[in-house]
file coords-v3.cif (mmCIF, C-alpha atoms)
data_data
loop_
_atom_site.label_atom_id
_atom_site.label_comp_id
_atom_site.auth_asym_id
_atom_site.auth_seq_id
_atom_site.Cartn_x
_atom_site.Cartn_y
_atom_site.Cartn_z
CA MET A 1031 -1.89 -9.14 -1.17
CA ALA A 1032 1.29 -7.44 -0.04
CA SER A 1033 1.81 -7.07 3.66
CA ARG A 1034 3.34 -4.20 5.58
CA ILE A 1035 5.10 -3.49 8.84
CA LEU A 1036 3.86 -0.82 11.23
CA GLY A 1037 6.30 1.27 13.28
CA LEU A 1038 5.21 2.82 16.58
CA ASP A 1039 6.84 5.46 18.76
CA TYR A 1040 4.92 5.16 22.05
CA GLY A 1041 4.87 8.24 24.25
CA THR A 1042 3.04 9.53 27.30
CA LYS A 1043 0.30 11.31 25.34
CA THR A 1044 1.02 10.40 21.72
CA VAL A 1045 1.88 7.44 19.53
CA GLY A 1046 3.77 8.21 16.37
CA VAL A 1047 2.84 5.83 13.55
CA ALA A 1048 4.84 4.93 10.45
CA ILE A 1049 4.15 2.27 7.84
CA SER A 1050 6.33 0.40 5.39
CA ASP A 1051 5.76 0.19 1.67
CA PRO A 1052 4.46 -3.21 0.43
CA LEU A 1053 7.99 -4.27 -0.59
CA LEU A 1054 9.23 -3.64 2.98
CA LEU A 1055 11.97 -1.32 1.77
CA THR A 1056 10.97 2.12 3.05
CA ALA A 1057 9.16 3.61 6.02
CA GLN A 1058 6.76 6.55 5.65
CA GLU A 1059 5.36 8.76 8.38
CA PHE A 1060 1.67 7.97 8.75
CA GLU A 1061 -0.02 9.79 11.65
CA THR A 1062 0.20 10.81 15.29
CA ILE A 1063 -2.44 9.38 17.62
CA THR A 1064 -3.02 11.69 20.57
CA ARG A 1065 -4.83 11.21 23.86
CA GLU A 1066 -5.80 13.49 26.74
CA ARG A 1067 -4.34 11.32 29.51
CA ALA A 1068 -1.49 8.85 29.55
CA SER A 1069 -3.84 6.12 30.79
CA ALA A 1070 -6.57 6.75 28.17
CA LEU A 1071 -5.43 4.11 25.67
CA ARG A 1072 -8.69 2.64 24.31
CA HIS A 1073 -8.93 4.98 21.31
CA THR A 1074 -5.21 4.53 20.59
CA LEU A 1075 -5.50 0.73 20.58
CA VAL A 1076 -8.64 0.81 18.40
CA ARG A 1077 -6.96 3.14 15.88
CA ILE A 1078 -3.84 0.95 15.64
CA LYS A 1079 -6.04 -2.11 15.04
CA GLU A 1080 -7.91 -0.23 12.27
CA ILE A 1081 -4.65 0.69 10.56
CA CYS A 1082 -3.40 -2.90 10.81
CA GLU A 1083 -6.59 -4.23 9.20
CA GLU A 1084 -6.79 -1.57 6.49
CA TYR A 1085 -3.15 -1.97 5.40
CA GLN A 1086 -2.75 -5.74 5.94
CA VAL A 1087 -0.04 -5.22 8.56
CA ASP A 1088 1.59 -8.50 9.57
CA GLU A 1089 4.20 -7.18 12.01
CA ILE A 1090 4.48 -4.25 14.40
CA VAL A 1091 7.77 -2.68 15.43
CA LEU A 1092 7.56 -0.82 18.75
CA GLY A 1093 10.26 1.57 19.87
CA TYR A 1094 11.81 0.48 23.17
CA PRO A 1095 13.25 3.47 25.07
CA ARG A 1096 16.33 2.13 26.84
CA ASN A 1097 18.50 4.61 28.73
CA MET A 1098 21.83 5.62 27.23
CA ASP A 1099 23.64 3.29 29.67
CA ASP A 1100 21.49 0.40 28.31
CA SER A 1101 19.42 0.20 31.51
CA GLU A 1102 15.64 0.03 31.44
CA GLY A 1103 13.70 2.77 33.22
CA PHE A 1104 10.03 3.52 33.84
CA ARG A 1105 9.48 4.37 30.17
CA CYS A 1106 10.47 0.79 29.28
CA GLU A 1107 7.93 -0.49 31.84
CA ASP A 1108 5.22 1.71 30.30
CA THR A 1109 6.15 0.48 26.82
CA LEU A 1110 5.93 -3.18 27.92
CA LYS A 1111 2.48 -2.53 29.45
CA PHE A 1112 1.36 -0.89 26.20
CA LYS A 1113 2.75 -3.85 24.22
CA ALA A 1114 0.76 -6.28 26.39
CA LEU A 1115 -2.45 -4.28 25.87
CA LEU A 1116 -1.84 -4.11 22.12
CA GLU A 1117 -1.18 -7.86 21.93
CA LYS A 1118 -4.68 -8.44 23.34
CA ARG A 1119 -6.17 -6.35 20.50
CA VAL A 1120 -4.19 -7.50 17.46
CA ASP A 1121 -3.03 -10.98 16.53
CA ILE A 1122 0.21 -9.67 15.04
CA PRO A 1123 3.77 -10.20 16.30
CA ILE A 1124 5.18 -7.11 18.03
CA THR A 1125 8.95 -6.63 17.98
CA LEU A 1126 10.71 -4.25 20.39
CA VAL A 1127 13.41 -2.11 18.76
CA ASP A 1128 15.96 0.11 20.50
CA GLU A 1129 14.82 3.68 19.94
CA ARG A 1130 17.56 5.64 21.71
CA LEU A 1131 18.03 9.12 20.26
CA THR A 1132 15.34 8.73 17.57
CA THR A 1133 13.40 11.77 18.81
CA VAL A 1134 16.62 13.82 18.91
CA TYR A 1135 17.40 12.69 15.36
CA ALA A 1136 13.82 13.45 14.24
CA ASP A 1137 14.10 16.96 15.71
CA GLU A 1138 17.38 17.51 13.84
CA ILE A 1139 15.76 16.41 10.57
CA LEU A 1140 12.88 18.85 11.11
CA GLU A 1141 15.26 21.67 12.04
CA GLU A 1142 17.39 21.06 8.94
CA SER A 1143 14.19 20.99 6.86
CA GLY A 1144 13.28 24.45 8.12
CA VAL A 1145 10.24 23.38 10.15
CA ALA A 1146 9.52 25.97 12.85
CA LYS A 1147 10.02 24.73 16.42
CA LYS A 1148 6.33 25.33 17.25
CA ASP A 1149 5.25 23.15 14.29
CA ARG A 1150 7.58 20.20 15.01
CA LYS A 1151 5.44 18.78 17.81
CA LYS A 1152 2.74 17.84 15.29
CA VAL A 1153 4.99 15.51 13.31
CA ILE A 1154 8.03 14.64 15.45
CA ASP A 1155 6.50 11.38 16.75
CA GLN A 1156 5.67 10.24 13.20
CA ILE A 1157 9.23 10.97 12.08
CA ALA A 1158 10.63 9.12 15.12
CA ALA A 1159 8.36 6.14 14.26
CA ALA A 1160 9.62 6.23 10.66
CA ILE A 1161 13.25 6.26 11.88
CA ILE A 1162 12.55 3.27 14.17
CA LEU A 1163 10.83 1.38 11.35
CA GLN A 1164 13.43 2.25 8.70
CA ASP A 1165 16.23 1.08 11.00
CA TYR A 1166 14.36 -2.19 11.50
CA LEU A 1167 13.74 -2.63 7.75
CA ASP A 1168 17.41 -1.94 6.96
CA ASN A 1169 18.65 -4.45 9.55
CA ARG A 1170 16.11 -7.26 9.41
CA LYS A 1171 17.89 -9.52 6.94
#
call {"tool": "encode", "arguments": {"input": "coords-v3.cif", "output": "structure tokens"}}
result
Amino acid sequence: MASRILGLDYGTKTVGVAISDPLLLTAQEFETITRERASALRHTLVRIKEICEEYQVDEIVLGYPRNMDDSEGFRCEDTLKFKALLEKRVDIPITLVDERLTTVYADEILEESGVAKKDRKKVIDQIAAAIILQDYLDNRK
């Protein structure tokens, strides 16, 4: 059975999810997992585990939001806490990947595609996750 890699763009109230094709060549947007509060992660963790099981995911790539000067701020701390919680739920290696400017790039893609500003919020995290994952796929060898 072919395996896949999952890409995650972790945010305060959403997690953008992307998944690779079985040949590990391309990343596709998959879904956005939303939550009411930043701390309400149980549903998010359960959903990620379900996706991993359903699609035989054998690696997770998690966007790591360094600052432009390469320093690590509070968003990096939050991401590391999320990674630790996820590692308790899934027995899959989780790789941190620099995600600087991915959301900006995702917004530019949506703008160029003619997606109205009010509609971008629904998919921007998925697109950012796909950019993170595609970058990882392109550079992993």
call {"tool": "residues_around", "arguments": {"input": "coords-v3.cif", "residues": "Asp1039 (chain A)", "least_positions_apart": "3", "cutoff": "6 Å", "atoms": "all atoms listed in the file", "output": "list of chain:residue names"}}
result
A:Val1045, A:Gly1046, A:Gly1093, A:Ala1159
call {"tool": "closest_residue", "arguments": {"input": "coords-v3.cif", "among": "A:Val1091, A:Ile1157, A:Leu1071, A:Ile1139", "to": "Lys1111 (chain A)", "atoms": "all atoms listed in the file"}}
result
A:Leu1071
call {"tool": "residues_near_point", "arguments": {"input": "coords-v3.cif", "point": "(-4.4, -2.5, 28.9)", "cutoff": "10 Å", "atoms": "all atoms listed in the file", "output": "MDAnalysis selection string"}}
result
chainID A and resid 1069:1072 1075 1111:1119
call {"tool": "resolve_selection", "arguments": {"input": "coords-v3.cif", "expression": "the PyMOL selection byres ((chain A and resi 1153) around 9)", "output": "ChimeraX atom specification"}}
result
/A:1046,1059,1061-1062,1140,1149-1152,1154-1158
call {"tool": "residues_near_point", "arguments": {"input": "coords-v3.cif", "point": "(11.6, -5.6, 19.3)", "cutoff": "12 Å", "atoms": "only C-alpha atoms", "output": "list in words"}}
result
Gly1037, Leu1038, Glu1089, Ile1090, Val1091, Leu1092, Gly1093, Tyr1094, Pro1095, Arg1096, Cys1106, Thr1109, Leu1110, Lys1113, Pro1123, Ile1124, Thr1125, Leu1126, Val1127, Asp1128, Glu1129, Ile1162, Leu1163, Asp1165, Tyr1166 and Arg1170 of chain A
call {"tool": "resolve_selection", "arguments": {"input": "coords-v3.cif", "expression": "the PyMOL selection byres ((chain A and resi 1085) around 10)", "output": "list in words"}}
result
Met1031, Ala1032, Ser1033, Arg1034, Ile1035, Leu1036, Ile1049, Ser1050, Asp1051, Pro1052, Glu1080, Ile1081, Cys1082, Glu1083, Glu1084, Gln1086, Val1087 and Asp1088 of chain A
call {"tool": "atom_distance", "arguments": {"input": "coords-v3.cif", "atom1": "CA of Leu1055 (chain A)", "atom2": "CA of Ile1161 (chain A)"}}
result
12.7 Å
call {"tool": "closest_residue", "arguments": {"input": "coords-v3.cif", "among": "A:Thr1042, A:Phe1104, A:Ile1063, A:Ala1160", "to": "Thr1132 (chain A)", "atoms": "only C-alpha atoms"}}
result
A:Ala1160
call {"tool": "atom_distance", "arguments": {"input": "coords-v3.cif", "atom1": "CA of Lys1079 (chain A)", "atom2": "CA of Gln1058 (chain A)"}}
result
18.1 Å
call {"tool": "closest_residue", "arguments": {"input": "coords-v3.cif", "among": "A:Glu1102, A:Lys1148, A:Glu1107, A:Phe1060", "to": "Ala1048 (chain A)", "atoms": "all atoms listed in the file"}}
result
A:Phe1060
call {"tool": "decode", "arguments": {"input": "coords-v3.cif", "residues": "region 1081-1103 of chain A", "atoms": "C-alpha atoms", "output": "PDB file, in the first residue's frame"}}
result
ATOM      1  CA  ILE A1081      -6.773  11.283   8.284  1.00  0.00           C
ATOM      2  CA  CYS A1082      -3.435   9.583   9.002  1.00  0.00           C
ATOM      3  CA  GLU A1083      -5.130   6.201   9.437  1.00  0.00           C
ATOM      4  CA  GLU A1084      -7.458   6.553   6.445  1.00  0.00           C
ATOM      5  CA  TYR A1085      -4.694   7.610   4.029  1.00  0.00           C
ATOM      6  CA  GLN A1086      -1.806   5.500   5.418  1.00  0.00           C
ATOM      7  CA  VAL A1087       0.224   8.594   6.286  1.00  0.00           C
ATOM      8  CA  ASP A1088       3.750   7.696   7.395  1.00  0.00           C
ATOM      9  CA  GLU A1089       5.152  11.195   7.923  1.00  0.00           C
ATOM     10  CA  ILE A1090       3.776  14.571   8.972  1.00  0.00           C
ATOM     11  CA  VAL A1091       5.292  17.882   7.931  1.00  0.00           C
ATOM     12  CA  LEU A1092       4.407  20.733  10.292  1.00  0.00           C
ATOM     13  CA  GLY A1093       4.969  24.353   9.352  1.00  0.00           C
ATOM     14  CA  TYR A1094       7.324  26.087  11.787  1.00  0.00           C
ATOM     15  CA  PRO A1095       6.683  29.846  11.887  1.00  0.00           C
ATOM     16  CA  ARG A1096      10.095  31.424  12.429  1.00  0.00           C
ATOM     17  CA  ASN A1097      10.315  35.214  12.344  1.00  0.00           C
ATOM     18  CA  MET A1098      11.859  36.880   9.304  1.00  0.00           C
ATOM     19  CA  ASP A1099      15.100  37.454  11.265  1.00  0.00           C
ATOM     20  CA  ASP A1100      15.239  33.655  11.900  1.00  0.00           C
ATOM     21  CA  SER A1101      14.340  34.074  15.583  1.00  0.00           C
ATOM     22  CA  GLU A1102      11.670  31.957  17.244  1.00  0.00           C
ATOM     23  CA  GLY A1103       8.705  33.740  18.809  1.00  0.00           C
TER      24      GLY A1103
END
